[in-house]
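Dropping coords_22.cif in here (mmCIF, C-alpha atoms):
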```
data_final
#
loop_
_atom_site.label_atom_id
_atom_site.label_comp_id
_atom_site.auth_asym_id
_atom_site.auth_seq_id
_atom_site.Cartn_x
_atom_site.Cartn_y
_atom_site.Cartn_z
CA MET A 1 96.15 18.09 77.09
CA ASN A 2 93.35 16.45 75.09
CA ARG A 3 94.70 15.99 71.58
CA VAL A 4 92.20 17.47 69.14
CA ILE A 5 92.16 19.54 65.94
CA THR A 6 90.00 22.66 66.37
CA ALA A 7 88.45 24.81 63.65
CA GLY A 8 86.64 28.12 64.06
CA VAL A 9 83.37 28.29 62.10
CA ASP A 10 81.35 31.44 61.46
CA GLY A 11 79.39 30.46 58.34
CA SER A 12 81.68 32.25 55.90
CA ARG A 13 83.11 30.48 52.86
CA GLU A 14 86.64 30.75 54.18
CA SER A 15 85.73 29.28 57.58
CA LEU A 16 83.93 26.33 55.98
CA ASP A 17 86.90 25.62 53.72
CA ALA A 18 89.15 25.87 56.78
CA ALA A 19 86.92 23.41 58.65
CA ASP A 20 87.17 21.00 55.73
CA TRP A 21 90.98 21.32 55.79
CA ALA A 22 90.92 20.75 59.56
CA ALA A 23 88.84 17.59 59.08
CA ARG A 24 91.40 16.19 56.65
CA GLU A 25 94.20 17.09 59.08
CA ALA A 26 92.35 15.31 61.90
CA VAL A 27 91.98 12.19 59.73
CA ARG A 28 95.68 12.29 58.83
CA ARG A 29 96.69 12.53 62.48
CA GLY A 30 94.04 10.17 63.84
CA LEU A 31 92.54 12.87 66.11
CA PRO A 32 88.99 14.10 66.75
CA LEU A 33 87.79 17.35 65.21
CA ARG A 34 86.21 20.10 67.28
CA LEU A 35 84.20 22.84 65.58
CA LEU A 36 83.76 26.11 67.47
CA HIS A 37 81.37 28.95 66.81
CA ALA A 38 82.05 32.01 68.99
CA THR A 39 79.38 34.71 69.29
CA ASP A 40 79.74 37.97 71.14
CA GLY A 41 76.80 37.74 73.54
CA HIS A 42 73.44 35.96 73.37
CA ARG A 43 71.45 36.55 70.22
CA THR A 44 67.83 37.50 70.86
CA ARG A 45 65.06 37.97 68.33
CA THR A 46 64.60 41.62 67.40
CA GLY A 47 61.51 41.32 65.20
CA LEU A 48 63.55 42.76 62.32
CA PRO A 49 63.88 40.15 59.55
CA GLU A 50 67.14 41.59 58.22
CA LEU A 51 68.72 40.95 61.64
CA ASP A 52 66.91 37.81 62.78
CA VAL A 53 67.42 35.91 59.52
CA THR A 54 71.15 36.66 59.57
CA ALA A 55 71.41 35.60 63.21
CA ALA A 56 69.59 32.34 62.52
CA ARG A 57 71.87 31.65 59.56
CA LEU A 58 74.95 32.16 61.72
CA ASN A 59 73.59 30.02 64.54
CA GLY A 60 72.93 27.19 62.09
CA ALA A 61 76.37 27.36 60.50
CA LEU A 62 77.93 25.11 63.11
CA SER A 63 75.33 22.37 62.71
CA ARG A 64 75.51 22.47 58.93
CA ALA A 65 79.30 22.27 58.98
CA ALA A 66 79.25 19.30 61.38
CA ILE A 67 76.69 17.40 59.28
CA SER A 68 78.52 18.07 56.02
CA LEU A 69 81.88 16.97 57.41
CA SER A 70 80.39 13.84 58.99
CA TYR A 71 79.19 12.74 55.55
CA ALA A 72 82.56 13.53 53.96
CA HIS A 73 84.52 11.77 56.74
CA PRO A 74 82.24 9.08 58.23
CA GLY A 75 84.92 7.66 60.55
CA LEU A 76 85.89 11.03 62.03
CA GLU A 77 84.79 11.97 65.55
CA ILE A 78 83.32 15.49 65.33
CA ARG A 79 82.39 17.66 68.29
CA ALA A 80 80.49 20.92 67.76
CA ARG A 81 80.32 23.65 70.36
CA HIS A 82 78.97 27.19 70.67
CA ILE A 83 80.96 29.68 72.75
CA THR A 84 79.53 32.94 74.05
CA GLY A 85 81.95 35.82 74.23
CA PRO A 86 84.23 37.94 72.05
CA PRO A 87 85.63 35.64 69.32
CA VAL A 88 89.34 36.43 69.72
CA PRO A 89 89.75 35.61 73.45
CA ALA A 90 87.32 32.68 73.11
CA LEU A 91 89.33 31.13 70.28
CA VAL A 92 92.65 31.89 71.99
CA GLU A 93 91.40 30.08 75.07
CA ALA A 94 90.37 27.14 72.88
CA THR A 95 93.93 26.76 71.60
CA THR A 96 95.10 25.69 75.06
CA GLU A 97 93.13 22.47 74.56
CA ALA A 98 94.08 21.79 70.94
CA GLU A 99 96.96 20.48 68.88
CA VAL A 100 96.26 23.19 66.35
CA LEU A 101 93.59 25.79 65.62
CA VAL A 102 92.49 26.21 62.00
CA LEU A 103 90.95 29.47 60.79
CA GLY A 104 89.80 30.84 57.46
CA SER A 105 91.45 33.76 55.73
CA ARG A 106 89.90 35.88 52.99
CA GLY A 107 91.44 36.72 49.64
CA PHE A 108 91.15 39.61 47.25
CA THR A 109 89.97 37.91 44.06
CA GLY A 110 92.32 38.56 41.17
CA PHE A 111 95.12 40.03 43.27
CA ALA A 112 98.31 38.52 44.66
CA ALA A 113 97.73 39.86 48.17
CA PHE A 114 95.36 38.49 50.78
CA MET A 115 93.48 39.99 53.68
CA VAL A 116 93.73 38.32 57.05
CA GLY A 117 90.63 39.17 59.07
CA SER A 118 90.89 40.88 62.44
CA VAL A 119 89.78 37.73 64.29
CA ALA A 120 92.28 35.46 62.52
CA LEU A 121 95.08 37.96 62.99
CA GLY A 122 94.23 38.60 66.65
CA VAL A 123 94.14 34.88 67.43
CA THR A 124 97.39 34.21 65.55
CA LEU A 125 99.18 36.91 67.56
CA ARG A 126 97.99 35.60 70.94
CA ALA A 127 97.62 31.83 70.60
CA GLU A 128 99.86 29.52 72.61
CA ARG A 129 99.46 26.71 70.08
CA PRO A 130 99.98 26.60 66.29
CA VAL A 131 97.39 28.38 64.15
CA VAL A 132 96.81 27.36 60.52
CA LEU A 133 95.33 29.94 58.14
CA VAL A 134 93.45 28.50 55.16
CA ARG A 135 92.36 30.52 52.13
CA ALA A 136 88.84 30.42 50.77
CA GLY A 137 88.64 27.96 47.89
CA GLU A 138 91.28 25.56 49.24
CA LEU A 139 90.62 22.09 47.79
CA PRO A 140 92.00 18.65 48.79
CA GLU A 141 93.77 18.25 45.44
CA ASP A 142 95.62 21.54 45.96
CA ALA A 143 97.84 19.77 48.51
CA ARG A 144 98.85 17.01 46.08
CA GLU A 145 101.04 16.69 43.04
CA PRO A 146 99.24 16.74 39.66
CA ASP A 147 98.74 13.44 37.89
CA VAL A 148 100.80 12.28 34.90
CA ASP A 149 98.64 14.41 32.59
CA GLY A 150 99.11 17.50 34.75
CA ALA A 151 95.53 17.46 36.06
CA PRO A 152 94.61 17.97 39.74
CA SER A 153 94.30 14.71 41.68
CA ARG A 154 93.34 13.47 45.13
CA ARG A 155 95.28 10.21 44.71
CA THR A 156 98.80 11.45 44.02
CA ALA A 157 101.54 12.12 46.58
CA TYR A 158 101.42 15.18 48.79
CA ARG A 159 103.39 18.24 47.79
CA PRO A 160 106.30 19.07 50.13
CA VAL A 161 105.87 20.78 53.47
CA VAL A 162 108.02 23.93 53.50
CA LEU A 163 109.65 25.09 56.73
CA GLY A 164 110.99 28.63 56.89
CA LEU A 165 113.86 28.52 59.37
CA ASP A 166 115.70 31.41 61.00
CA LEU A 167 119.14 30.08 61.92
CA THR A 168 119.50 32.64 64.71
CA ARG A 169 116.48 31.05 66.49
CA PRO A 170 116.04 27.43 65.27
CA SER A 171 113.16 26.61 67.66
CA ASP A 172 112.54 22.95 68.49
CA GLU A 173 108.77 23.63 68.66
CA LEU A 174 108.78 25.00 65.13
CA ILE A 175 110.91 22.22 63.67
CA ALA A 176 108.93 19.48 65.44
CA TYR A 177 105.65 20.80 64.05
CA ALA A 178 107.04 20.85 60.51
CA PHE A 179 108.37 17.30 60.77
CA ASP A 180 105.08 16.04 62.24
CA ALA A 181 103.16 17.72 59.41
CA ALA A 182 105.40 16.14 56.78
CA ALA A 183 105.33 12.71 58.44
CA SER A 184 101.52 12.67 58.72
CA ARG A 185 101.31 13.34 54.97
CA GLY A 186 104.13 11.04 53.92
CA ALA A 187 105.53 14.16 52.28
CA PRO A 188 109.09 15.44 51.97
CA LEU A 189 110.18 18.37 54.10
CA ARG A 190 111.93 21.30 52.42
CA VAL A 191 113.80 23.47 54.92
CA VAL A 192 114.30 26.91 53.43
CA HIS A 193 116.54 29.71 54.65
CA GLY A 194 116.83 33.02 52.81
CA TRP A 195 120.14 34.80 53.12
CA THR A 196 121.91 37.91 51.89
CA LEU A 197 125.44 39.19 52.23
CA PRO A 198 126.18 41.35 55.30
CA PRO A 199 125.76 45.03 54.37
CA LEU A 200 128.84 47.19 54.06
CA SER A 201 128.60 50.40 56.06
CA ALA A 202 129.56 53.61 54.26
CA TYR A 203 129.96 55.26 57.66
CA VAL A 204 132.50 52.82 59.08
CA PRO A 205 135.41 52.60 56.61
CA ALA A 206 137.19 50.01 58.76
CA VAL A 207 134.41 47.42 58.21
CA THR A 208 135.61 44.59 56.00
CA VAL A 209 134.14 41.31 54.87
CA THR A 210 136.07 38.52 56.58
CA ALA A 211 135.07 35.77 54.14
CA ASP A 212 134.34 35.41 50.45
CA PRO A 213 130.66 35.07 49.46
CA PRO A 214 131.08 31.39 48.50
CA ASP A 215 132.60 30.68 51.91
CA LEU A 216 129.78 32.49 53.68
CA GLU A 217 127.26 30.53 51.67
CA MET A 218 128.87 27.18 52.46
CA ASP A 219 129.16 28.05 56.17
CA THR A 220 125.48 29.01 56.33
CA LEU A 221 124.42 25.87 54.48
CA GLN A 222 126.48 23.78 56.89
CA GLN A 223 124.70 25.45 59.85
CA LEU A 224 121.37 24.59 58.25
CA ARG A 225 122.37 20.96 57.81
CA GLU A 226 123.68 20.72 61.35
CA ALA A 227 120.40 22.11 62.70
CA MET A 228 118.53 19.32 60.86
CA ARG A 229 120.89 16.47 61.79
CA PRO A 230 119.17 15.33 65.05
CA TRP A 231 115.75 15.62 63.42
CA ARG A 232 116.77 13.39 60.53
CA HIS A 233 117.52 10.68 63.10
CA LYS A 234 114.21 11.26 64.89
CA TYR A 235 112.20 11.10 61.63
CA PRO A 236 114.17 8.62 59.49
CA ASP A 237 111.28 8.00 57.10
CA THR A 238 110.78 11.68 56.23
CA PRO A 239 112.88 12.89 53.27
CA VAL A 240 114.54 16.20 54.16
CA SER A 241 116.27 18.69 51.92
CA GLU A 242 117.94 21.94 52.96
CA HIS A 243 117.71 24.93 50.66
CA LEU A 244 119.81 28.05 51.11
CA VAL A 245 118.37 30.66 48.75
CA TYR A 246 119.81 34.09 48.17
CA GLY A 247 117.16 36.73 48.83
CA THR A 248 114.90 38.08 51.54
CA ALA A 249 113.14 35.43 53.62
CA GLY A 250 109.63 36.56 52.74
CA HIS A 251 110.26 36.48 49.00
CA VAL A 252 112.08 33.14 49.22
CA LEU A 253 109.17 31.53 51.10
CA LEU A 254 106.63 32.98 48.68
CA LYS A 255 108.41 31.24 45.78
CA ALA A 256 108.81 27.98 47.75
CA SER A 257 105.09 27.98 48.61
CA LEU A 258 104.09 27.64 44.95
CA VAL A 259 104.86 23.90 45.09
CA ALA A 260 104.01 23.31 48.77
CA SER A 261 101.09 21.67 50.56
CA LEU A 262 101.80 23.69 53.72
CA VAL A 263 104.18 26.46 54.75
CA VAL A 264 105.36 26.47 58.38
CA ILE A 265 106.75 29.61 59.98
CA GLY A 266 107.45 30.73 63.54
CA ARG A 267 106.23 33.56 65.74
CA ARG A 268 108.01 34.67 68.88
CA ARG A 269 105.93 34.57 72.04
CA ARG A 270 105.61 37.73 74.13
CA VAL A 271 105.94 39.87 71.00
CA SER A 272 102.82 41.91 70.31
CA ARG A 273 103.16 42.05 66.52
CA LEU A 274 104.16 39.85 63.65
CA GLY A 275 107.65 40.13 62.25
CA ARG A 276 108.19 41.22 58.67
CA VAL A 277 108.64 37.69 57.36
CA ALA A 278 105.52 36.30 59.07
CA HIS A 279 103.49 39.33 57.98
CA SER A 280 104.58 38.86 54.37
CA VAL A 281 103.91 35.12 54.36
CA ILE A 282 100.40 35.17 55.83
CA HIS A 283 99.31 37.98 53.52
CA HIS A 284 100.79 36.67 50.27
CA VAL A 285 101.26 32.89 50.36
CA THR A 286 98.30 31.10 48.78
CA CYS A 287 98.64 27.62 50.34
CA PRO A 288 97.75 26.98 54.02
CA VAL A 289 100.18 28.62 56.46
CA ALA A 290 100.95 27.26 59.94
CA VAL A 291 102.17 29.89 62.42
CA VAL A 292 103.92 28.22 65.35
CA PRO A 293 104.59 30.24 68.54
CA HIS A 294 107.95 29.67 70.19
CA ASP A 295 110.26 31.24 72.77
#
```
Would you mind writing the file's structure down as structure tokens?
Amino acid sequence: MNRVITAGVDGSRESLDAADWAAREAVRRGLPLRLLHATDGHRTRTGLPELDVTAARLNGALSRAAISLSYAHPGLEIRARHITGPPVPALVEATTEAEVLVLGSRGFTGFAAFMVGSVALGVTLRAERPVVLVRAGELPEDAREPDVDGAPSRRTAYRPVVLGLDLTRPSDELIAYAFDAAASRGAPLRVVHGWTLPPLSAYVPAVTVTADPPDLEMDTLQQLREAMRPWRHKYPDTPVSEHLVYGTAGHVLLKASLVASLVVIGRRRRVSRLGRVAHSVIHHVTCPVAVVPHD
């Protein structure tokens, strides 16, 4: 596989901010950047200005993005390409040749919830490689700690990468992506697992809790640490901390994302819809979210 970071560009604010994030990711990883603009069929002139002007603007979006990013990152290799066909299958196909696909995601201004467009959602559900969703307005300093005066900075250390881990399916693909993301930033990795006590059934009187809550908590934390042990040896320079937080996984990750540069979650392959946790994270977390498919 040719190692490359790919970004989908359609001229929208969110896609241009996503392309800028993808360029920074490509620089961090020492990889080329590929910009893709997928159009559903060939655009022909209609003679109607309200249609032709819009079409010309969209067709020029790719060139403008490539030129802008080349000025911002003069040492970065940038490849721009138009693809003809429905955007979702075209972008899904592009993920087979990429390390990661980066897409923009719109936000409802003034609200805590976000809208993931149909293209971004369709690609995320079908991609065989990780997909990163970036909100409109994402800035380079958002990924870094504030300076000593509390002001945004592009020179301070990166905020932690947060990995949401399900201990029933601790996928190597998911964990490897999170460690690579943290290592490329020189950032710490915070591994977060939300947990709650097993429910007691009112319909089965014989059900009893076999361990005290503190014992259950310590056992779960030990499982989390054991899952990370081989990865600590593989990435000795990456600081790792395990966090067992009482609460639902989606809420726990939302809180953890407030101080994160990137949130990494998994998605099971061959499942046609997002799980509750993934759905909650991609619609509510404000920092970039990487969705990693795994078996």
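Residues matched by the PyMOL selection byres ((chain A and resi 96) around 10) in this structure: Met1, Asn2, Leu91, Val92, Glu93, Ala94, Thr95, Glu97, Ala98, Glu99, Val100, Leu101, Ala127, Glu128 and Arg129 of chain A.
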If the PyMOL selection byres ((chain A and resi 11) around 9) is run on the structure shown, which residues does it catch, given as an mmCIF file with C-alpha atoms, in the coordinates of the input?
```
data_model
loop_
_atom_site.group_PDB
_atom_site.id
_atom_site.type_symbol
_atom_site.label_atom_id
_atom_site.label_comp_id
_atom_site.auth_asym_id
_atom_site.auth_seq_id
_atom_site.Cartn_x
_atom_site.Cartn_y
_atom_site.Cartn_z
ATOM 1 C CA VAL A 9 83.370 28.290 62.100
ATOM 2 C CA ASP A 10 81.350 31.440 61.460
ATOM 3 C CA SER A 12 81.680 32.250 55.900
ATOM 4 C CA ARG A 13 83.110 30.480 52.860
ATOM 5 C CA GLU A 14 86.640 30.750 54.180
ATOM 6 C CA SER A 15 85.730 29.280 57.580
ATOM 7 C CA LEU A 16 83.930 26.330 55.980
ATOM 8 C CA HIS A 37 81.370 28.950 66.810
ATOM 9 C CA ARG A 57 71.870 31.650 59.560
ATOM 10 C CA LEU A 58 74.950 32.160 61.720
ATOM 11 C CA ASN A 59 73.590 30.020 64.540
ATOM 12 C CA GLY A 60 72.930 27.190 62.090
ATOM 13 C CA ALA A 61 76.370 27.360 60.500
ATOM 14 C CA LEU A 62 77.930 25.110 63.110
ATOM 15 C CA ARG A 64 75.510 22.470 58.930
ATOM 16 C CA ALA A 65 79.300 22.270 58.980
#
```
Legend entry - Separation of CA of Leu133 (chain A) from CA of Leu244 (chain A) in Å: 25.5 Å
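Ranking A:Val131, A:Val259, A:Ala66, A:Leu36 by their shortest atom-to-atom distance to Ala90 (chain A), with only C-alpha atoms included, puts A:Leu36 first.
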Legend entry - Distance query 8 Å from (111.6, 13.1, 61.8) using all atoms listed in the file, result as a PyMOL selection string: chain A and resi 176+179-180+183+231-238
Give me region 3-30 of chain A from this structure - N, CA and C atoms, as a PDB file, in the first residue's frame.
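Contents of the output file selection.pdb:
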```pdb
ATOM      1  N   ARG A   3       1.802   4.654   1.206  1.00  0.00           N
ATOM      2  CA  ARG A   3       1.467   5.380   2.422  1.00  0.00           C
ATOM      3  C   ARG A   3       1.214   6.841   2.078  1.00  0.00           C
ATOM      4  N   VAL A   4       0.012   7.307   2.355  1.00  0.00           N
ATOM      5  CA  VAL A   4      -0.383   8.664   2.014  1.00  0.00           C
ATOM      6  C   VAL A   4      -1.537   9.065   2.935  1.00  0.00           C
ATOM      7  N   ILE A   5      -1.611  10.360   3.250  1.00  0.00           N
ATOM      8  CA  ILE A   5      -2.754  10.907   3.970  1.00  0.00           C
ATOM      9  C   ILE A   5      -3.691  11.515   2.936  1.00  0.00           C
ATOM     10  N   THR A   6      -4.964  11.142   2.971  1.00  0.00           N
ATOM     11  CA  THR A   6      -5.929  11.605   1.974  1.00  0.00           C
ATOM     12  C   THR A   6      -6.984  12.473   2.641  1.00  0.00           C
ATOM     13  N   ALA A   7      -7.360  13.557   1.963  1.00  0.00           N
ATOM     14  CA  ALA A   7      -8.418  14.434   2.456  1.00  0.00           C
ATOM     15  C   ALA A   7      -9.434  14.666   1.350  1.00  0.00           C
ATOM     16  N   GLY A   8     -10.699  14.582   1.677  1.00  0.00           N
ATOM     17  CA  GLY A   8     -11.769  14.899   0.736  1.00  0.00           C
ATOM     18  C   GLY A   8     -12.046  16.395   0.749  1.00  0.00           C
ATOM     19  N   VAL A   9     -12.097  17.003  -0.428  1.00  0.00           N
ATOM     20  CA  VAL A   9     -12.303  18.447  -0.553  1.00  0.00           C
ATOM     21  C   VAL A   9     -13.510  18.706  -1.440  1.00  0.00           C
ATOM     22  N   ASP A  10     -14.460  19.521  -0.939  1.00  0.00           N
ATOM     23  CA  ASP A  10     -15.609  19.880  -1.771  1.00  0.00           C
ATOM     24  C   ASP A  10     -15.859  21.385  -1.800  1.00  0.00           C
ATOM     25  N   GLY A  11     -14.915  22.163  -1.280  1.00  0.00           N
ATOM     26  CA  GLY A  11     -15.047  23.612  -1.285  1.00  0.00           C
ATOM     27  C   GLY A  11     -15.699  24.186  -0.050  1.00  0.00           C
ATOM     28  N   SER A  12     -16.290  23.350   0.793  1.00  0.00           N
ATOM     29  CA  SER A  12     -16.943  23.837   2.005  1.00  0.00           C
ATOM     30  C   SER A  12     -15.908  24.212   3.052  1.00  0.00           C
ATOM     31  N   ARG A  13     -16.323  25.022   4.007  1.00  0.00           N
ATOM     32  CA  ARG A  13     -15.407  25.450   5.073  1.00  0.00           C
ATOM     33  C   ARG A  13     -14.896  24.247   5.845  1.00  0.00           C
ATOM     34  N   GLU A  14     -15.794  23.321   6.159  1.00  0.00           N
ATOM     35  CA  GLU A  14     -15.356  22.179   6.955  1.00  0.00           C
ATOM     36  C   GLU A  14     -14.365  21.298   6.208  1.00  0.00           C
ATOM     37  N   SER A  15     -14.541  21.149   4.878  1.00  0.00           N
ATOM     38  CA  SER A  15     -13.607  20.308   4.126  1.00  0.00           C
ATOM     39  C   SER A  15     -12.245  20.973   3.998  1.00  0.00           C
ATOM     40  N   LEU A  16     -12.209  22.304   3.890  1.00  0.00           N
ATOM     41  CA  LEU A  16     -10.929  23.001   3.803  1.00  0.00           C
ATOM     42  C   LEU A  16     -10.189  22.958   5.138  1.00  0.00           C
ATOM     43  N   ASP A  17     -10.925  23.072   6.241  1.00  0.00           N
ATOM     44  CA  ASP A  17     -10.289  22.933   7.554  1.00  0.00           C
ATOM     45  C   ASP A  17      -9.795  21.503   7.756  1.00  0.00           C
ATOM     46  N   ALA A  18     -10.551  20.526   7.246  1.00  0.00           N
ATOM     47  CA  ALA A  18     -10.113  19.132   7.335  1.00  0.00           C
ATOM     48  C   ALA A  18      -8.856  18.903   6.498  1.00  0.00           C
ATOM     49  N   ALA A  19      -8.791  19.521   5.322  1.00  0.00           N
ATOM     50  CA  ALA A  19      -7.600  19.385   4.481  1.00  0.00           C
ATOM     51  C   ALA A  19      -6.379  20.000   5.161  1.00  0.00           C
ATOM     52  N   ASP A  20      -6.579  21.104   5.859  1.00  0.00           N
ATOM     53  CA  ASP A  20      -5.476  21.725   6.578  1.00  0.00           C
ATOM     54  C   ASP A  20      -5.006  20.816   7.713  1.00  0.00           C
ATOM     55  N   TRP A  21      -5.948  20.190   8.420  1.00  0.00           N
ATOM     56  CA  TRP A  21      -5.582  19.236   9.473  1.00  0.00           C
ATOM     57  C   TRP A  21      -4.828  18.056   8.866  1.00  0.00           C
ATOM     58  N   ALA A  22      -5.306  17.566   7.711  1.00  0.00           N
ATOM     59  CA  ALA A  22      -4.649  16.442   7.046  1.00  0.00           C
ATOM     60  C   ALA A  22      -3.229  16.800   6.632  1.00  0.00           C
ATOM     61  N   ALA A  23      -3.022  18.046   6.193  1.00  0.00           N
ATOM     62  CA  ALA A  23      -1.672  18.485   5.811  1.00  0.00           C
ATOM     63  C   ALA A  23      -0.741  18.450   7.017  1.00  0.00           C
ATOM     64  N   ARG A  24      -1.211  18.915   8.148  1.00  0.00           N
ATOM     65  CA  ARG A  24      -0.382  18.877   9.359  1.00  0.00           C
ATOM     66  C   ARG A  24      -0.101  17.437   9.787  1.00  0.00           C
ATOM     67  N   GLU A  25      -1.084  16.561   9.626  1.00  0.00           N
ATOM     68  CA  GLU A  25      -0.881  15.144   9.958  1.00  0.00           C
ATOM     69  C   GLU A  25       0.147  14.523   9.020  1.00  0.00           C
ATOM     70  N   ALA A  26       0.089  14.881   7.734  1.00  0.00           N
ATOM     71  CA  ALA A  26       1.060  14.356   6.772  1.00  0.00           C
ATOM     72  C   ALA A  26       2.472  14.821   7.123  1.00  0.00           C
ATOM     73  N   VAL A  27       2.612  16.077   7.529  1.00  0.00           N
ATOM     74  CA  VAL A  27       3.929  16.589   7.931  1.00  0.00           C
ATOM     75  C   VAL A  27       4.424  15.842   9.158  1.00  0.00           C
ATOM     76  N   ARG A  28       3.541  15.642  10.145  1.00  0.00           N
ATOM     77  CA  ARG A  28       3.945  14.925  11.358  1.00  0.00           C
ATOM     78  C   ARG A  28       4.433  13.523  11.053  1.00  0.00           C
ATOM     79  N   ARG A  29       3.792  12.859  10.111  1.00  0.00           N
ATOM     80  CA  ARG A  29       4.120  11.463   9.808  1.00  0.00           C
ATOM     81  C   ARG A  29       5.118  11.320   8.664  1.00  0.00           C
ATOM     82  N   GLY A  30       5.504  12.434   8.048  1.00  0.00           N
ATOM     83  CA  GLY A  30       6.455  12.363   6.947  1.00  0.00           C
ATOM     84  C   GLY A  30       5.887  11.681   5.718  1.00  0.00           C
TER      85      GLY A  30
END
```
